[in-house]
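Here is the structure we will look at, set down as structure tokens.
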Amino acid sequence: LDDRSAAQLMDEIVEDLSDGPQAGAVEALARHMADDGLAALTREIAARREAFATPLDQQAAFAAFGLPPDETEEALLARVFLGGEADLMAALLPALAASGPNDVKACARLSEADFRAPDLRTLQCLEAVLLTGASAKEPFTAKIGKFPTRACRDGIAAHADALDDLMRRVEAARETRLALAAARRSAALHLFAAAFLPRYAEAKLQRGWLDFDDLILKARALLTDPSVAAWVLYRLDGGIDHILVDEAQDTSPAQWDVIELLAQEMAAGRGTSEAGARTIFVVGDKKQSIYSFQGADPRAFD
């Protein structure tokens, strides 16, 4: 099955799912995607079908990210926004607007947020202004004593403690916000995969098609099946003298499994002494890997 035909088949399956009883699985995933991102993600899911062998529901996703099962975005927001933030911003924004360039930029950013009905976007806005950046010595920590600039801070001295307290709450909430977002996305991803992958496998079976990943996975299964593996490897042993793995940094764990099984047979049994010189030649540089390519994994490379 060539890539173009596979892509067309996947798109047809997604269309069918969208119009059927499993439409909720497509909608749940689409909420986390850009308009043109679903097709590309569907291909990634198909290429990593083994990762979805064990379904991950929302409860399991929450546990995987260290979240209590009753955690919600509403509860998180309630811990950050205690009720006085709109008044605090009403005092802070004019002072920022009359201060230096950095404070003026912060004012513009904060002016975009709604502090009377705060949501997750409001929280993310506060993170961008009140926490240090990713490249800071202590990334994503509260800028207590550093924001706003000293001259501006002196002008809002009456609100300094309230601002510092808000910074601390925003810092404490960031990890939970990210974990919630990741857990929601993971649960939606697995829900969609559970609907899509069986339909994709059935469609290929009906047409007698195999895609590239089927070839790898079925080759590995053949070489590990106790009922036939020994016979298959024995037959291959007489016909393989050299194994070359080029661009090895982009080889997936499943592909390494096939290579390892073939290489073990080359170095075993009476065929070893009869076949003459045999070589395994591997070329690759981990620093050059395209890790998304065919499921490449630096740990497998090592």
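Chain labels A, B, ... are given in the sequence in which chains occur in the structure tokens; within each chain residues are numbered consecutively from 1, and ligands are likewise numbered from 1 in the order shown.
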
Mind dumping a table of every range 174-249 of chain A residue within 12 Å of range 106-125 of chain A, with the nearest atom pair and its distance in Å to one decimal, using only C-alpha atoms, sorted by chain and rising number, as JSON lines?
{"residue": "A:Arg174", "atom": "CA", "partner": "A:Gln124", "partner_atom": "CA", "distance": 8.3}
{"residue": "A:Glu175", "atom": "CA", "partner": "A:Gln124", "partner_atom": "CA", "distance": 11.6}
{"residue": "A:Thr176", "atom": "CA", "partner": "A:Leu120", "partner_atom": "CA", "distance": 11.6}
{"residue": "A:Arg177", "atom": "CA", "partner": "A:Leu120", "partner_atom": "CA", "distance": 8.2}
{"residue": "A:Leu178", "atom": "CA", "partner": "A:Gln124", "partner_atom": "CA", "distance": 10.1}
{"residue": "A:Leu180", "atom": "CA", "partner": "A:Leu120", "partner_atom": "CA", "distance": 11.0}
{"residue": "A:Ala181", "atom": "CA", "partner": "A:Leu120", "partner_atom": "CA", "distance": 10.3}

- Message: Applying 7 Å and only C-alpha atoms, which residues near Asp241 in chain A remain after dropping the ones on its own chain fewer than 2 positions away? List them as a PyMOL selection string.
- Response: chain A and resi 239+278-279

- So which residues touch range 219-236 of chain A within 9 Å, counting only C-alpha atoms, skipping near sequence neighbours fewer than 3 positions away, as a PyMOL selection string? chain A and resi 214-216+239-240+254-255+257-258+261-262+265-266+269+271

Those selected residues, please, written with C-alpha atoms and delivered as a JSON list (two decimals), in the first residue's frame.
[["chain", "number", "residue", "atom", "x", "y", "z"],
["A", 214, "ASP", "CA", 2.36, -3.90, 8.63],
["A", 215, "LEU", "CA", 5.40, -5.28, 6.80],
["A", 216, "ILE", "CA", 7.70, -4.45, 9.73],
["A", 239, "GLY", "CA", 20.81, -16.60, 2.20],
["A", 240, "ILE", "CA", 22.05, -13.65, 4.25],
["A", 254, "ALA", "CA", 10.33, -2.56, 15.78],
["A", 255, "GLN", "CA", 12.81, -2.41, 12.91],
["A", 257, "ASP", "CA", 13.92, -6.05, 16.59],
["A", 258, "VAL", "CA", 13.89, -7.50, 13.07],
["A", 261, "LEU", "CA", 16.69, -11.40, 15.13],
["A", 262, "LEU", "CA", 18.38, -11.73, 11.73],
["A", 265, "GLU", "CA", 20.87, -16.18, 13.41],
["A", 266, "MET", "CA", 23.87, -15.08, 11.34],
["A", 269, "GLY", "CA", 24.38, -22.57, 14.18],
["A", 271, "GLY", "CA", 25.61, -21.96, 8.92]]

- Residue among A:Asp164, A:Glu260, A:Glu202, A:Glu247 lying closest to Asp285 in chain A, counting only C-alpha atoms: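 Selected residue with least distance to Asp285 in chain A: A:Glu247.
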
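Taking CA of Asp161 in chain A as the reference point, CA of Ala173 in chain A is found at 18.5 Å.
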
- Rank nothing, just name the residue among A:Val26, A:Ala179, A:Ala136, A:Val282 nearest to Gln249 in chain A, using only C-alpha atoms. A:Val282

- Quick one: pick out all strand (DSSP E) residues within range 102-293 of chain A from a backbone DSSP run and write them as a list in words.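 Assigned to strand (DSSP E), within range 102-293 of chain A: His242, Ile243, Leu244, Val245, Thr279, Ile280, Phe281 and Val282 of chain A.
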
Save out the residues we just selected, N, CA, C and O atoms, as a PDB file, in the first residue's frame.
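Saved file out-v3.pdb follows:
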ATOM      1  N   HIS A 242      25.349 -10.497   4.630  1.00  0.00           N
ATOM      2  CA  HIS A 242      25.676  -9.154   5.100  1.00  0.00           C
ATOM      3  C   HIS A 242      24.394  -8.395   5.461  1.00  0.00           C
ATOM      4  O   HIS A 242      23.390  -8.501   4.764  1.00  0.00           O
ATOM      5  N   ILE A 243      24.477  -7.638   6.546  1.00  0.00           N
ATOM      6  CA  ILE A 243      23.393  -6.736   6.922  1.00  0.00           C
ATOM      7  C   ILE A 243      23.962  -5.322   6.963  1.00  0.00           C
ATOM      8  O   ILE A 243      24.945  -5.064   7.646  1.00  0.00           O
ATOM      9  N   LEU A 244      23.348  -4.419   6.201  1.00  0.00           N
ATOM     10  CA  LEU A 244      23.719  -3.008   6.206  1.00  0.00           C
ATOM     11  C   LEU A 244      22.526  -2.203   6.712  1.00  0.00           C
ATOM     12  O   LEU A 244      21.434  -2.297   6.158  1.00  0.00           O
ATOM     13  N   VAL A 245      22.743  -1.431   7.760  1.00  0.00           N
ATOM     14  CA  VAL A 245      21.714  -0.522   8.272  1.00  0.00           C
ATOM     15  C   VAL A 245      22.221   0.900   8.044  1.00  0.00           C
ATOM     16  O   VAL A 245      23.138   1.349   8.730  1.00  0.00           O
ATOM     17  N   THR A 279      29.093 -10.007   7.750  1.00  0.00           N
ATOM     18  CA  THR A 279      29.284  -8.685   8.346  1.00  0.00           C
ATOM     19  C   THR A 279      27.953  -8.048   8.718  1.00  0.00           C
ATOM     20  O   THR A 279      26.919  -8.304   8.093  1.00  0.00           O
ATOM     21  N   ILE A 280      28.021  -7.233   9.757  1.00  0.00           N
ATOM     22  CA  ILE A 280      26.921  -6.343  10.123  1.00  0.00           C
ATOM     23  C   ILE A 280      27.511  -4.941  10.140  1.00  0.00           C
ATOM     24  O   ILE A 280      28.441  -4.665  10.889  1.00  0.00           O
ATOM     25  N   PHE A 281      27.008  -4.073   9.277  1.00  0.00           N
ATOM     26  CA  PHE A 281      27.578  -2.732   9.121  1.00  0.00           C
ATOM     27  C   PHE A 281      26.482  -1.710   9.392  1.00  0.00           C
ATOM     28  O   PHE A 281      25.466  -1.692   8.698  1.00  0.00           O
ATOM     29  N   VAL A 282      26.672  -0.908  10.419  1.00  0.00           N
ATOM     30  CA  VAL A 282      25.647   0.052  10.838  1.00  0.00           C
ATOM     31  C   VAL A 282      26.211   1.459  10.747  1.00  0.00           C
ATOM     32  O   VAL A 282      27.273   1.737  11.300  1.00  0.00           O
TER      33      VAL A 282
END
